[in-house]
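Worksheet: one structure, shown below.
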Amino acid sequence: MARIGVFICHCGENISATVDCAKVANTIAKINGVAYSTDYKYMCSDPGQTLIKDAIREKHLTGVVVAACSPRMHEPTFRKAVAEAGLNSFLCEMANLREHVSWVHEKAESTTQKAIDIVRTLVEKVKKNQPLDPIKVPVTKRAVVIGGGVAGIQAALDIANCGHEVVMIEREPSIGGHMSQLSETFPTLDCSQCILTPRMVEVAQHPNITLYTYAEVIGLEGFIGNFKVKVRKKSKSLDEDLCTGCGLCTTKCPVKKIPSEFEQGLGFRPAIYVPFPQAVPNKPVIDRINCTYYTKGKCRVCEKVCPTKAIRFDQEDEIVDIEAGALVLATGFNILKTNFFPEYGYGKYKDVIDGLQFERLASASGPTLGEIRRPSDGKVPEKIVFVACAGSRDPAKGIEYCSKICCMYTAKHAMLYKHKVHNGEAYVFYMDIRAGGKNYEEFVRRAIAEDDAKYVRGRVSTIYERDGKLIVKGADTLLNGRPVEIEADMVVLATAGIANHGAEELAQTLHVSYDAYKFFAEAHPKLKPVETNTAGIFLAGACQAPKDIPESVAAASGAAVKVAALFSNDELTRDPLVAVVNRFGPPLFSTCVGCFMCQPVCPYQAIEKEEIKDRAGNVFKVLAKVNPGLCQGCGTCVALCRSKSIDIYGYTNQQVYQEVVALLNE
Amino acid sequence: MKLGYYPGCSLKGGSREYKESVVAVCRKFDIHLVEVPDWNCCGATAAHNMNKELSLALPARILAQAESAGLDEIVVPCAACYNRLKVTQHEMAHQPELAEKVKAILGMEYKGSTSILNIIQLIEKYILPNLDDHYYRPFNYKAACYYGCLLVRPHSILQFDRAEDPQTMDEAIRKIGGTPVDWEFKVECCGAGMSVSRTDLVAKLTGKVVENALYRKAEVIIVACPMCHSNLDMRRPDVNKYLGVETTIPVLYITQAIGLAVGIDEKTLGLQRHFVPVHLPERNEIVDMPAELVTTQGKEE
Amino acid sequence: MSSVQHQVQKKGSLMEEILDSREISVQKCYQCGKCSAGCPVAEDMDYPPSVIMRMVQTEDKAMEEAALRSMTIWLCVTCETCAARCPMEIDIPGVMDYLRQRSYEKGMANPKANHIISFHKAFLDSIDYTGRLYELGLIVDYKMRSFQLQQDVDLAPGMIARGKLGFFPELIKGRKNMTDIFRKTLHKKGGLK
């Protein structure tokens with residue numbers, strides 16, 4: 001005879017504001033088989049859990065229903081409590097009265113009734129629950145870090161320093177990411193390269209880190225602790241072991257005028273190139289789209305000049321599989337280009353540039369060696385207008401969010417410009433100054449008060465060219481919207497931070513959720529900020545949302561700790577909510593007829609063939625068998641099985657049937 | 001072919017030459033324009049300044065008249081009328097309550113199914129694809145294509161070209177052998193309906209447009225709106241006073257420019273009706289078709 | 001701005017009316033000023049568009065009245081530049097339309113806007129009577145209303161010479177229909193006289 005205990009949580013007022021919790025408890029108490037039913041303000045709190053544990057012991061409960069929030073939130077909490085009281089944890093079920101009832105309905109009689117109905121069905125289900133044991137799987141203690149920017153570097157070093165193997169995969173020919181392009185960093189104005197390049201070298205030299213540059217993830221199989229990551233190592237047309245990185249080839253390459261990605265189009269590179277002098281690895285790749293040999297079949301100058309004969313024109317892409325226990329996504333972000341702003345000149349004015357381009361102009365290693373010179377004619381601009389919120393906080397342009405980093409880097413740009421061009425004038429058009437962060441507000445105030453950046457509160461309407469000047473039409477909303485017109489020599493748009501190109505495809509490859517803007521989604525905005533919804537895959541840095549360097553690094557270390565914690569176990573326990581093909585003794589063995597319709601539909605390749613042999617060793621029946629290590633419990637095979645031979649633990653046909661019947665019976 | 005046609009008041013009055021050039025060009029290309037029967041004024045700026053329902057009911061009546069005459073597609077050469085008709089159709093379609101109210105005021109059947117073309121859409125759709133049949137001489141001038149407000153805004157409703165730096169008129173000019181100049185004031189406002197009541201404002205706004213066209217070395221300004229035209233042409237003395245310069249750049253309707261390119265005489269196109277005399281330098285050499293025109297022919301048909 | 005306490009109205013504020021009748025949310029405006037920055041007539045206005053939006057946002061009686069009595073709403077040429085560039089996609093010209101209409105109905109129109117209003121009235125009268133715009137009649141009517149008797153007289157001969165000024169109005173057949181439309185809209189509450 002079932003003895004079910006039911007515990008109704010108020011969730012503070014989250015549930016009790018619209019649901020009459022006492023009435024739910026009282027109604028449920030009358031159901032056949034319910035031995036105990038009560039309500040409490042915070043069931044997840046220590047006294048709440050004690051309440052459950054005591055009831056299990058005192059009332060000799062055989063099953064528990066906790067009616068509270070989403071199981072995503074607290075199922076592990078309650079299952080643990082139930083286990084502590086000596087009951088199998090899978091005899092505990094949760095009814096979601098918060099997301100499914102109180103948050104989506106007004107206070108009403110019918111709302112309470114819906115709560116009762118939901119609890120009722122789970123009471124019937126839990127009567128059919130069976131004790132289950134968690135599945136144990138081994139953990140591969142190797143992490144794959146995707147992306148070699150500052151976040152990826154931090155995560156990789158942290159994990160590697162814990163003694164675990166790391167494979168870093170970077171799409172570009174060098175690691176370093178956006179941070180390697182920056183000039184100086186706020187709020188301390190320390191040189192970006194100076195603080196980053198030593199860490200890049202550390203990655204390359206770390207005994208626990210294997211670095212794949214010019215490589216992309218193209219597939220993922222498996223699950224937490226046991227991933228198989230498929231990587232395409234794009235051909236660099238180079239034997240990296242032979243190449244010494246002398247750079248002779250890059251100086252002799254006849255194709256010289258390719259806009260450099262690293263210099264944001266403000267400088268040029270050859271077809272065989274190293275993106276920047278401090279690149280890691282400091283060995284070139286051939287850009288086959290622009291290489292004369294690949295386009296016209298002639299040239300091979302690099303091959304001729306190479307002292308170690310390292311050029312390999314016939315080298316092909318290589319596909320490698322990496323076994324890994326965890327992944328860290330650190331693929332970074334990008335910025336909108338200026339051609340997104342028709343009213344600011346459709347990207348047709350050379351002197352309307354974006355923030356990243358300004359970084360290159362201000363960088364000592366940049367195309368102007370750190371002198372601020374405008375792209376059109378190389379003159380030192382006497383007046384620069386900086387436009388904040390170019391595309392950010394702009395639903396009309398499809399971006400509602402604040403890009404977060406622009407207020408600070410715009411203040412930094414104005415400051416750097418004033419430091420380099422003392423008699424220059426810097427105007428900043430802004431809407432709000434968002435400088436929340438350690439020493440951030442002080443930094444902005446310094447730009448205004450000490451470096452005389454002229455801040456004008458208002459958005460720029462239009463920019464057009466006239467006599468070599470850019471006419472910027474704005475308004476000063478602090479002076480009653482008075483129109484302001486500035487003749488500038490250069491305009492810097494602080495364009496919105498957006499998801500990196502290819503983010504959506506990668507998310508789909510990895511089965512990671514992403515938001516409407518294609519940024520990767522965290523599992524919980526507050527409590528699981530570096531986890532994704534896919535167990536074993538973690539997030540670091542600006543691939544999640546625009547972030548500055550300190551935040552990206554902090555998130556990366558957070559993700560690294562999650563990986564290290566995972567790797568601290570030799571085995572991993574998983575919920576045993578997996579599919580199973582029924583098995584009996586001879587002569588039937590199973591109702592499975594061996595049609596294997598289930599095999600192609602399984603997304604996880606978890607269905608195997610099992611041969612039943614007679615005593616002589618002859619196969620007389622072939623049955624489907626589910627590999628519990630691979631099965632994710634999605635249930636596709638259950639729905640498809642024509643002989644109804646497959647069930648899912650925790651959601652058996654009988655349990656679901658019981659729930660439906662409960663709903664149908666008033 | 002037959003095509004519905006709503007001339008609007010300006011084309012019947014102060015902007016006769018626009019009507020004349022539209023009709024002449026259409027005749028040349030075998031487009032038979034069928035006037036919307038017993039049409040009324042669209043209400044223009046005055047109506048939506050004073051009364052919302054009125055500003056919808058007047059254009060709705062025009063569309064209802066077109067429907068009753070079985071005109072599925074109408075061309076509206078006046079940019080202001082085009083704008084009012086499109087906005088009315090959009091608001092009636094998207095605000096059912098308002099639509100019912102307007103229909104009650106109207107007392108007529110209204111479906112809102114008419115397809116409304118502005119003059120540039122007519123040119124793109126029916127003229128340019130057949131241009132080589134009638135091409136006579138290149139309109140060999142540097143032209144500032146002036147779109148103004150009403151052809152391109154509000155973009156969400158009109159869905160014509162792009163709101164900033166539109167290109168369709170430039171493209172048409174290019175195809176008749178002209179050189180559109182890249183200039184900044186192509187979608188700025190001329191002052192429109194303030195022509196009579198605040199001439200000072202119009203002189204200023206239009207003055208900036210003329211000035212920028214000249215700065216970009218244009219020889220002619222091309223328009224597709226009677227209001228723009230009258231402010232740029234008839235109000236030129238006020239504009240010149242504002243600028244402090246005697247500017248003489250002529251202002252042509254796009255249909256007049258096309259008319260010249262296909263060999264229609266100036267009088268038929270109404271060039272003599274302009275206040276700013278149209279003295280375009282003689283560049284009559286009959287050259288080959290512009291290359292891009294020849295290559296794009298196939299695509300457009 | 002008055003330093004007196006805001007007299008915020010719970011019901012019937014302009015902002016609420018605009019939302020209800022025009023489906024335009026003035027509340028969405030975050031005062032970036034892009035409308036004022038791009039408005040071709042902003043410098044001639046007493047309050048640039050963004051300030052008018054702010055005045056409506058306050059739901060304060062004095063502010064609302066100032067907006068309705070402003071010259072701005074009559075100087076707005078409905079060029080739609082503001083709406084085209086508004087990051088919040090607010091139909092600012094629609095707000096101006098509404099304020100104009102209310103200002104006129106309540107007899108609060110700025111006295112300096114008389115010429116502009118006279119022109120609109122003369123224009124609408126012309127089409128009320130004939131169905132189409134009768135330009136000569138419009139100009140004569142406007143002059144009578146605005147007492148701008150000398151304005152543009154030098155234009156008339158030029159227009160006549162160029163065949164641009166018709167001497168007779170075109171009368172449409174559906175004139176009764178037109179009168180009906182006017183009676184149910186503009187002339188509903190005694191309005192235009």
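Scheme for the structure tokens: letters A, B, ... for chains in order shown; per-chain residue numbers from 1; ligand numbers from 1 in order shown.
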Inset, instruction - Using only C-alpha atoms, find which residues of chain C lie within 7 Å of chain A and jot them down as a ChimeraX atom specification. - result: /C:32-34,36-38,43,48,50-51,87-89
Inset, instruction - Find the residues of chain B in contact range of chain C, meaning any atom within 8 Å when counting only C-alpha atoms, and list them as a PyMOL selection string. - result: chain B and resi 9-10+13-16+38-41+43+45-54+57-58+105-106+149-150+153-155+163+188-189+191-194+196-198+201+205+272-275
Long-range neighbours of Gly297 (chain A) as a tab-separated table (two decimals) with all heavy atoms, in the first residue's frame, 12 Å cut-off, only C-alpha atoms, 5 positions minimum in chain:
chain	number	residue	atom	x	y	z
A	288	ARG	N	44.68	31.16	-49.11
A	288	ARG	CA	44.57	30.58	-50.45
A	288	ARG	C	43.68	31.40	-51.38
A	288	ARG	O	43.81	31.33	-52.59
A	288	ARG	CB	44.04	29.14	-50.35
A	288	ARG	CG	45.05	28.22	-49.68
A	288	ARG	CD	44.64	26.77	-49.77
A	288	ARG	NE	45.71	25.90	-49.25
A	288	ARG	CZ	45.66	24.59	-49.29
A	288	ARG	NH1	44.61	23.97	-49.79
A	288	ARG	NH2	46.68	23.90	-48.81
A	290	ASN	N	43.68	34.58	-51.72
A	290	ASN	CA	44.42	35.68	-52.31
A	290	ASN	C	45.79	35.31	-52.87
A	290	ASN	O	46.46	36.12	-53.49
A	290	ASN	CB	44.59	36.80	-51.28
A	290	ASN	CG	43.27	37.48	-50.97
A	290	ASN	OD1	42.62	38.03	-51.85
A	290	ASN	ND2	42.84	37.41	-49.73
A	291	CYS	N	46.21	34.06	-52.64
A	291	CYS	CA	47.54	33.63	-53.09
A	291	CYS	C	47.54	33.43	-54.60
A	291	CYS	O	46.67	32.78	-55.16
A	291	CYS	CB	47.92	32.34	-52.37
A	291	CYS	SG	49.35	31.52	-53.08
A	292	THR	N	48.54	34.00	-55.27
A	292	THR	CA	48.62	33.91	-56.72
A	292	THR	C	48.75	32.47	-57.20
A	292	THR	O	48.21	32.09	-58.22
A	292	THR	CB	49.85	34.71	-57.23
A	292	THR	OG1	49.90	35.92	-56.51
A	292	THR	CG2	49.73	35.00	-58.72
A	313	PHE	N	52.28	23.22	-50.66
A	313	PHE	CA	51.10	23.69	-51.40
A	313	PHE	C	50.00	22.65	-51.47
A	313	PHE	O	48.84	22.97	-51.64
A	313	PHE	CB	51.51	24.11	-52.82
A	313	PHE	CG	52.24	25.42	-52.85
A	313	PHE	CD1	53.58	25.49	-53.21
A	313	PHE	CD2	51.57	26.60	-52.51
A	313	PHE	CE1	54.24	26.70	-53.23
A	313	PHE	CE2	52.24	27.81	-52.54
A	313	PHE	CZ	53.57	27.87	-52.89
Legend entry - Neighbours of chain B in chain A at 8 Å, counting only C-alpha atoms, as an NGL selection string: :A and (342-343 or 464-465)
Restricting the output to C-alpha atoms, write the selected residues as a PDB file, in the first residue's frame.
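Contents of out_39.pdb, as written:
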ATOM      1  CA  PRO A 342      23.311  54.743 -43.429  1.00  0.00           C
ATOM      2  CA  GLU A 343      22.627  58.052 -41.694  1.00  0.00           C
ATOM      3  CA  TYR A 464      27.962  64.096 -44.040  1.00  0.00           C
ATOM      4  CA  GLU A 465      31.142  65.197 -45.717  1.00  0.00           C
TER       5      GLU A 465
END
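Candidate residues C:Leu149, C:Glu59, C:Ala109, C:Leu138 were compared for distance to Lys11 (chain C), and the nearest is C:Glu59, using only C-alpha atoms.
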Inset, instruction - Name the residues in contact with Pro603 (chain A) at a cut-off of 10 Å, using only C-alpha atoms, excluding same-chain residues fewer than 2 positions from it; report them as a ChimeraX atom specification. - result: /A:221,599-601,605-607,630-632,634,636-637
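Residues surrounding region 584-593 of chain A within 10 Å are Ile612, Lys621, Val622, Leu623, Ala624, Lys625, Cys641, Arg642, Ser643, Lys644, Ser645 and Ile646 of chain A [only C-alpha atoms; sequence separation below 4 positions excluded].
Straight-line separation from CA of Val491 (chain A) to CA of Ile463 (chain A): 8.9 Å.
Distance-wise, CA of Val239 (chain B) and CA of Val152 (chain B) end up 24.2 Å apart.
For Ser568 (chain A), the list of residues within 9 Å, based on only C-alpha atoms and with local chain neighbours fewer than 4 positions off taken out, reads Lys141, Val563 and Ala564 of chain A.
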Inset, instruction - Enter the distance from CA of Asp46 (chain C) to CA of Tyr242 (chain B), in Å, rounded to one decimal. - result: 21.8 Å
Find the residues around Lys379 (chain A) up to 12 Å (only C-alpha atoms counted), leave out those fewer than 2 positions away in its own chain, and share them as a PDB file with N, CA and C atoms, in the first residue's frame.
ATOM      1  N   ASP A 351      36.827  58.409 -43.132  1.00  0.00           N
ATOM      2  CA  ASP A 351      37.195  58.923 -41.817  1.00  0.00           C
ATOM      3  C   ASP A 351      36.118  58.703 -40.761  1.00  0.00           C
ATOM      4  N   THR A 368      49.850  53.156 -37.952  1.00  0.00           N
ATOM      5  CA  THR A 368      50.444  54.499 -37.872  1.00  0.00           C
ATOM      6  C   THR A 368      51.463  54.568 -36.736  1.00  0.00           C
ATOM      7  N   GLU A 371      50.457  56.881 -33.894  1.00  0.00           N
ATOM      8  CA  GLU A 371      50.058  58.269 -34.127  1.00  0.00           C
ATOM      9  C   GLU A 371      48.620  58.273 -34.615  1.00  0.00           C
ATOM     10  N   ILE A 372      47.828  59.215 -34.100  1.00  0.00           N
ATOM     11  CA  ILE A 372      46.448  59.294 -34.550  1.00  0.00           C
ATOM     12  C   ILE A 372      46.440  60.039 -35.888  1.00  0.00           C
ATOM     13  N   ARG A 373      46.245  59.282 -36.954  1.00  0.00           N
ATOM     14  CA  ARG A 373      46.162  59.890 -38.290  1.00  0.00           C
ATOM     15  C   ARG A 373      44.920  59.347 -38.964  1.00  0.00           C
ATOM     16  N   ARG A 374      44.210  60.245 -39.653  1.00  0.00           N
ATOM     17  CA  ARG A 374      42.957  59.753 -40.227  1.00  0.00           C
ATOM     18  C   ARG A 374      43.203  58.970 -41.508  1.00  0.00           C
ATOM     19  N   PRO A 375      42.362  57.969 -41.773  1.00  0.00           N
ATOM     20  CA  PRO A 375      42.629  57.055 -42.886  1.00  0.00           C
ATOM     21  C   PRO A 375      42.621  57.724 -44.257  1.00  0.00           C
ATOM     22  N   SER A 376      41.818  58.756 -44.486  1.00  0.00           N
ATOM     23  CA  SER A 376      41.668  59.269 -45.850  1.00  0.00           C
ATOM     24  C   SER A 376      42.954  59.898 -46.370  1.00  0.00           C
ATOM     25  N   ASP A 377      43.582  60.780 -45.586  1.00  0.00           N
ATOM     26  CA  ASP A 377      44.755  61.472 -46.106  1.00  0.00           C
ATOM     27  C   ASP A 377      45.946  61.475 -45.144  1.00  0.00           C
ATOM     28  N   PRO A 381      44.060  64.434 -37.102  1.00  0.00           N
ATOM     29  CA  PRO A 381      42.790  65.142 -36.944  1.00  0.00           C
ATOM     30  C   PRO A 381      42.836  66.154 -35.804  1.00  0.00           C
ATOM     31  N   GLU A 382      42.293  67.336 -36.090  1.00  0.00           N
ATOM     32  CA  GLU A 382      42.284  68.362 -35.041  1.00  0.00           C
ATOM     33  C   GLU A 382      41.032  68.276 -34.191  1.00  0.00           C
ATOM     34  N   LYS A 383      40.043  67.609 -34.749  1.00  0.00           N
ATOM     35  CA  LYS A 383      38.798  67.496 -34.000  1.00  0.00           C
ATOM     36  C   LYS A 383      38.209  66.112 -34.278  1.00  0.00           C
ATOM     37  N   VAL A 421      47.364  64.139 -29.076  1.00  0.00           N
ATOM     38  CA  VAL A 421      47.205  65.390 -29.832  1.00  0.00           C
ATOM     39  C   VAL A 421      46.752  66.449 -28.834  1.00  0.00           C
ATOM     40  N   GLY A 468      36.202  68.172 -47.033  1.00  0.00           N
ATOM     41  CA  GLY A 468      37.170  67.386 -46.268  1.00  0.00           C
ATOM     42  C   GLY A 468      36.860  67.280 -44.791  1.00  0.00           C
ATOM     43  N   LYS A 469      35.756  67.876 -44.375  1.00  0.00           N
ATOM     44  CA  LYS A 469      35.351  67.774 -42.971  1.00  0.00           C
ATOM     45  C   LYS A 469      34.101  66.892 -42.890  1.00  0.00           C
ATOM     46  N   ASP A 489      37.198  66.247 -38.092  1.00  0.00           N
ATOM     47  CA  ASP A 489      38.127  65.675 -39.058  1.00  0.00           C
ATOM     48  C   ASP A 489      37.976  64.157 -39.114  1.00  0.00           C
ATOM     49  N   MET A 490      37.482  63.608 -38.041  1.00  0.00           N
ATOM     50  CA  MET A 490      37.315  62.161 -37.985  1.00  0.00           C
ATOM     51  C   MET A 490      36.180  61.856 -37.015  1.00  0.00           C
TER      52      MET A 490
END
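The shortest atom-to-atom distance to Ser70 (chain C), with only C-alpha atoms taken into account, belongs to C:Met55 out of C:Met55, C:Asp20, C:Lys28, C:Ser13.
With only C-alpha atoms as the atoms that count, the minimum distance from Thr179 (chain C) to the choices C:Asp125, C:Asp154, C:Asp141, C:Asp60 is reached by C:Asp125.
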